[in-house]
Amino acid sequence: MAAFPNLFFISIFYLILFPACGQTASNPADKNASEETVNLYINLKKLLDEGIMFGHQDDLAYGINWKYEAGRSDVKEVTGEYPAVFGWDIAGIENDAAVNIDSVPFSAMRQYIKQVYDMGAVNTISWHLDNPLNGKTAWDTTHNSVAAALPGGSKHDVYKSWLDKAAVFFKSLKGSDGKAVPILFRPFHELTGNWFWWGKNTCTPEEYKALWRFTFEYLAKEKKVNNLLYVYNTSSFNSSSEFLERYPGDAYVDVMSFDSYTSEITAMDHFVKEVDESLAILTQTARKHDKIPALAETGFDNIPYERWWTAVLGKALQGHKISYVLLWRNAGWMTREKKYHYYVPNKGHSSAADFLRFFTNGNMIFSEKLRQFNLYKSVR
């Protein structure tokens, strides 16, 4: 069992050197962020008045019944446009794997990220990293895993070596203009859940905050990875205080978000109510802290309700100013589970017509509308 006896003193040290507030409204948490990253941050704030960007995980890599076909996208084949936001995951980078947790080659991912940047769209990256305490998966919830990764912990050097590898990948992301591609980085996501080694059942709020702050400082200062905007992400919550219980501080965060999924047709009304209420709390909290609000993951596996887009998701989003909503991946046929797994319709799907109606909603932003905002160009 790992111990972390100096947690209190290190937390105080971080708070003194890196205060939780005081950043300007016009700059991201990383004070050395690249020009394009600063521009993205500023423009994402301005874009809140224009609508909600639509996102999809692994959109360019694969879809329902296809993989790694250049130019393909299930979203594009239904709507005629790519998403505005593209999600990726770098789990596996810590083990020098050639492919990520979803079998996407990192070499291909790098090219997809470049393609997204070149088209003026947004990339976001999550990381289902293994448990540094024992090398098991992100879903191993052995107690004190977070403490082990912290300075003074038994696996701190292991964790740092993993950050080193992530840093190399982040710094390798370049657009056709040769500039570093800005990334919305969403580490330790769904932090209020109990299914990851960084979850609320495996560590204290102070331990979680210390892990986030160390990760930020190590990447931004030690490794000079300056193309990241940091996304704080929870699962369900009922109040602003609950949402912020493990919040590391304004000096370490750029985007506030949560994840929420529909699980049953009978639960759709509950989903609308819960997401609507959560978005109200989120947007109010984000305004107070001068952060960008987002719904970082959502969806209904297989989309069994044909009007889910306008009558459920659209209804939940209505009236809320958030930066983006990202649907989870279209994995297609899952051999082990013996079922299809997807969250966006392909052509011919029963919900495709409603998805097209959702797409034409004036409040939703896809790739073509987004292009006009020149997110990576200066607005000063």
# chains A, B, ... in the order shown; residues from 1 in each chain; ligands from 1
$ select_by_dssp --residues "region 52-230 of chain A" --states "alpha helix (DSSP H)" --output "number ranges by chain"
A: 74-79, 106-118, 145-149, 156-171, 205-217
$ write_last_selection --atoms "N, CA and C atoms" --output "short mmCIF file (atom, residue, chain, number, x, y, z; two decimals), in the first residue's frame"
data_model
loop_
_atom_site.label_atom_id
_atom_site.label_comp_id
_atom_site.auth_asym_id
_atom_site.auth_seq_id
_atom_site.Cartn_x
_atom_site.Cartn_y
_atom_site.Cartn_z
N ASP A 74 -18.90 8.78 -40.44
CA ASP A 74 -20.33 8.49 -40.35
C ASP A 74 -21.14 9.78 -40.24
N VAL A 75 -20.59 10.76 -39.52
CA VAL A 75 -21.27 12.05 -39.38
C VAL A 75 -21.39 12.72 -40.75
N LYS A 76 -20.31 12.74 -41.50
CA LYS A 76 -20.33 13.39 -42.81
C LYS A 76 -21.27 12.68 -43.78
N GLU A 77 -21.33 11.36 -43.71
CA GLU A 77 -22.16 10.63 -44.66
C GLU A 77 -23.65 10.86 -44.44
N VAL A 78 -24.02 11.30 -43.25
CA VAL A 78 -25.43 11.63 -42.99
C VAL A 78 -25.69 13.11 -43.22
N THR A 79 -24.78 13.96 -42.79
CA THR A 79 -25.03 15.41 -42.80
C THR A 79 -24.36 16.16 -43.96
N PHE A 106 -1.07 5.12 -33.30
CA PHE A 106 -0.70 6.49 -32.93
C PHE A 106 -0.18 7.27 -34.13
N SER A 107 0.45 6.59 -35.06
CA SER A 107 0.93 7.27 -36.27
C SER A 107 -0.24 7.80 -37.08
N ALA A 108 -1.33 7.03 -37.16
CA ALA A 108 -2.52 7.47 -37.88
C ALA A 108 -3.22 8.59 -37.11
N MET A 109 -3.29 8.45 -35.78
CA MET A 109 -3.92 9.47 -34.96
C MET A 109 -3.25 10.81 -35.15
N ARG A 110 -1.94 10.79 -35.23
CA ARG A 110 -1.19 12.03 -35.44
C ARG A 110 -1.62 12.70 -36.74
N GLN A 111 -1.82 11.91 -37.78
CA GLN A 111 -2.25 12.46 -39.07
C GLN A 111 -3.69 12.96 -39.02
N TYR A 112 -4.55 12.24 -38.31
CA TYR A 112 -5.94 12.69 -38.17
C TYR A 112 -6.00 14.03 -37.44
N ILE A 113 -5.21 14.15 -36.39
CA ILE A 113 -5.18 15.39 -35.60
C ILE A 113 -4.70 16.55 -36.47
N LYS A 114 -3.70 16.29 -37.29
CA LYS A 114 -3.23 17.31 -38.24
C LYS A 114 -4.34 17.70 -39.21
N GLN A 115 -5.07 16.72 -39.74
CA GLN A 115 -6.17 16.97 -40.67
C GLN A 115 -7.25 17.85 -40.03
N VAL A 116 -7.56 17.55 -38.77
CA VAL A 116 -8.59 18.32 -38.05
C VAL A 116 -8.14 19.77 -37.87
N TYR A 117 -6.90 19.95 -37.46
CA TYR A 117 -6.36 21.31 -37.28
C TYR A 117 -6.35 22.07 -38.59
N ASP A 118 -5.92 21.40 -39.66
CA ASP A 118 -5.85 22.06 -40.97
C ASP A 118 -7.23 22.52 -41.45
N SER A 145 -3.91 4.31 -5.26
CA SER A 145 -3.18 4.40 -6.53
C SER A 145 -2.76 5.84 -6.82
N VAL A 146 -3.63 6.80 -6.53
CA VAL A 146 -3.29 8.20 -6.74
C VAL A 146 -2.14 8.61 -5.84
N ALA A 147 -2.19 8.21 -4.58
CA ALA A 147 -1.11 8.53 -3.65
C ALA A 147 0.22 7.98 -4.13
N ALA A 148 0.18 6.80 -4.74
CA ALA A 148 1.41 6.19 -5.25
C ALA A 148 2.02 7.01 -6.39
N ALA A 149 1.19 7.70 -7.17
CA ALA A 149 1.68 8.46 -8.32
C ALA A 149 2.21 9.84 -7.93
N HIS A 156 5.85 7.23 -8.19
CA HIS A 156 5.94 8.57 -8.77
C HIS A 156 6.84 8.59 -10.00
N ASP A 157 7.97 7.92 -9.94
CA ASP A 157 8.88 7.91 -11.08
C ASP A 157 8.25 7.21 -12.28
N VAL A 158 7.47 6.17 -12.02
CA VAL A 158 6.76 5.48 -13.10
C VAL A 158 5.78 6.45 -13.76
N TYR A 159 5.02 7.16 -12.93
CA TYR A 159 4.04 8.10 -13.46
C TYR A 159 4.73 9.19 -14.27
N LYS A 160 5.84 9.72 -13.78
CA LYS A 160 6.57 10.75 -14.52
C LYS A 160 7.05 10.23 -15.86
N SER A 161 7.49 8.98 -15.90
CA SER A 161 7.96 8.41 -17.17
C SER A 161 6.81 8.31 -18.17
N TRP A 162 5.61 8.08 -17.66
CA TRP A 162 4.44 8.04 -18.55
C TRP A 162 4.11 9.43 -19.08
N LEU A 163 4.23 10.42 -18.21
CA LEU A 163 4.02 11.80 -18.66
C LEU A 163 5.07 12.20 -19.70
N ASP A 164 6.29 11.71 -19.55
CA ASP A 164 7.34 11.98 -20.52
C ASP A 164 6.92 11.50 -21.91
N LYS A 165 6.33 10.30 -21.95
CA LYS A 165 5.92 9.73 -23.24
C LYS A 165 4.74 10.49 -23.82
N ALA A 166 3.80 10.90 -22.97
CA ALA A 166 2.67 11.70 -23.44
C ALA A 166 3.18 13.04 -23.98
N ALA A 167 4.17 13.61 -23.29
CA ALA A 167 4.72 14.90 -23.72
C ALA A 167 5.34 14.80 -25.11
N VAL A 168 6.05 13.73 -25.36
CA VAL A 168 6.65 13.53 -26.69
C VAL A 168 5.56 13.50 -27.76
N PHE A 169 4.47 12.79 -27.47
CA PHE A 169 3.37 12.72 -28.44
C PHE A 169 2.73 14.08 -28.65
N PHE A 170 2.42 14.78 -27.57
CA PHE A 170 1.79 16.10 -27.69
C PHE A 170 2.66 17.05 -28.51
N LYS A 171 3.96 17.02 -28.27
CA LYS A 171 4.86 17.93 -28.96
C LYS A 171 5.09 17.54 -30.42
N PRO A 205 -10.12 14.18 -1.96
CA PRO A 205 -10.13 15.36 -2.83
C PRO A 205 -8.77 16.03 -2.93
N GLU A 206 -8.04 16.12 -1.81
CA GLU A 206 -6.73 16.78 -1.83
C GLU A 206 -5.72 15.98 -2.64
N GLU A 207 -5.80 14.66 -2.57
CA GLU A 207 -4.89 13.84 -3.38
C GLU A 207 -5.18 14.03 -4.87
N TYR A 208 -6.46 14.06 -5.23
CA TYR A 208 -6.81 14.27 -6.64
C TYR A 208 -6.31 15.63 -7.12
N LYS A 209 -6.55 16.66 -6.33
CA LYS A 209 -6.08 18.01 -6.71
C LYS A 209 -4.57 18.03 -6.88
N ALA A 210 -3.86 17.36 -5.97
CA ALA A 210 -2.40 17.34 -6.04
C ALA A 210 -1.93 16.62 -7.31
N LEU A 211 -2.62 15.54 -7.69
CA LEU A 211 -2.25 14.81 -8.90
C LEU A 211 -2.46 15.69 -10.12
N TRP A 212 -3.57 16.39 -10.19
CA TRP A 212 -3.85 17.28 -11.32
C TRP A 212 -2.81 18.39 -11.40
N ARG A 213 -2.54 19.03 -10.25
CA ARG A 213 -1.60 20.15 -10.24
C ARG A 213 -0.20 19.70 -10.64
N PHE A 214 0.21 18.54 -10.12
CA PHE A 214 1.53 18.05 -10.50
C PHE A 214 1.59 17.78 -12.00
N THR A 215 0.54 17.14 -12.54
CA THR A 215 0.49 16.81 -13.97
C THR A 215 0.58 18.07 -14.81
N PHE A 216 -0.18 19.08 -14.44
CA PHE A 216 -0.16 20.36 -15.16
C PHE A 216 1.23 20.97 -15.12
N GLU A 217 1.79 21.10 -13.93
CA GLU A 217 3.09 21.76 -13.79
C GLU A 217 4.19 20.98 -14.50
#
$ select_by_dssp --residues "region 20-92 of chain A" --states "strand (DSSP E)" --output "ChimeraX atom specification"
/A:52-57,62-63,66-67,85-89
$ residues_around --residues "Asn361 (chain A)" --least-positions-apart "4" --cutoff "10 Å" --atoms "only C-alpha atoms" --output "PyMOL selection string"
chain A and resi 51+310+314+355-357+365
$ write_last_selection --atoms "C-alpha atoms" --output "CSV table (one decimal), in the first residue's frame"
chain,number,residue,atom,x,y,z
A,51,GLY,CA,-23.9,28.0,-30.8
A,310,THR,CA,-34.2,16.4,-31.4
A,314,GLY,CA,-31.6,18.7,-28.4
A,355,PHE,CA,-30.0,13.5,-36.8
A,356,LEU,CA,-30.2,15.6,-40.0
A,357,ARG,CA,-32.8,17.7,-38.4
A,365,ILE,CA,-22.0,24.1,-35.3
$ residues_around --residues "Thr285 (chain A)" --least-positions-apart "5" --cutoff "10 Å" --atoms "only C-alpha atoms" --output "list of chain:residue names"
A:Ser239, A:Ser240, A:Ser241, A:Phe243, A:Leu244, A:Met256, A:Leu279, A:Ala280, A:Asp290, A:Lys291, A:Ile292, A:Pro293
$ write_last_selection --atoms "C-alpha atoms" --output "PDB file, in the first residue's frame"
ATOM      1  CA  SER A 239     -24.701  21.202  -6.952  1.00  0.00           C
ATOM      2  CA  SER A 240     -21.854  23.536  -7.762  1.00  0.00           C
ATOM      3  CA  SER A 241     -20.089  22.617  -4.519  1.00  0.00           C
ATOM      4  CA  PHE A 243     -18.963  19.647  -8.915  1.00  0.00           C
ATOM      5  CA  LEU A 244     -16.052  21.620  -7.455  1.00  0.00           C
ATOM      6  CA  MET A 256     -15.302  22.690 -17.124  1.00  0.00           C
ATOM      7  CA  LEU A 279     -25.909  22.183 -17.559  1.00  0.00           C
ATOM      8  CA  ALA A 280     -27.588  24.964 -15.585  1.00  0.00           C
ATOM      9  CA  ASP A 290     -14.387  32.405 -16.107  1.00  0.00           C
ATOM     10  CA  LYS A 291     -14.123  28.944 -17.698  1.00  0.00           C
ATOM     11  CA  ILE A 292     -15.495  27.340 -20.856  1.00  0.00           C
ATOM     12  CA  PRO A 293     -18.392  24.893 -20.237  1.00  0.00           C
TER      13      PRO A 293
END
$ closest_atom_pairs --of "region 36-133 of chain A" --to "region 175-197 of chain A" --cutoff "6 Å" --atoms "only C-alpha atoms" --output "CSV"
residue,atom,partner,partner_atom,distance
A:Thr37,CA,A:Pro182,CA,5.0
A:Lys114,CA,A:Gly175,CA,5.0
A:Asn123,CA,A:Ile183,CA,5.4
A:Thr124,CA,A:Leu184,CA,4.4
A:Ile125,CA,A:Phe185,CA,5.0
A:Ser126,CA,A:Arg186,CA,4.8
A:Trp127,CA,A:Pro187,CA,5.8
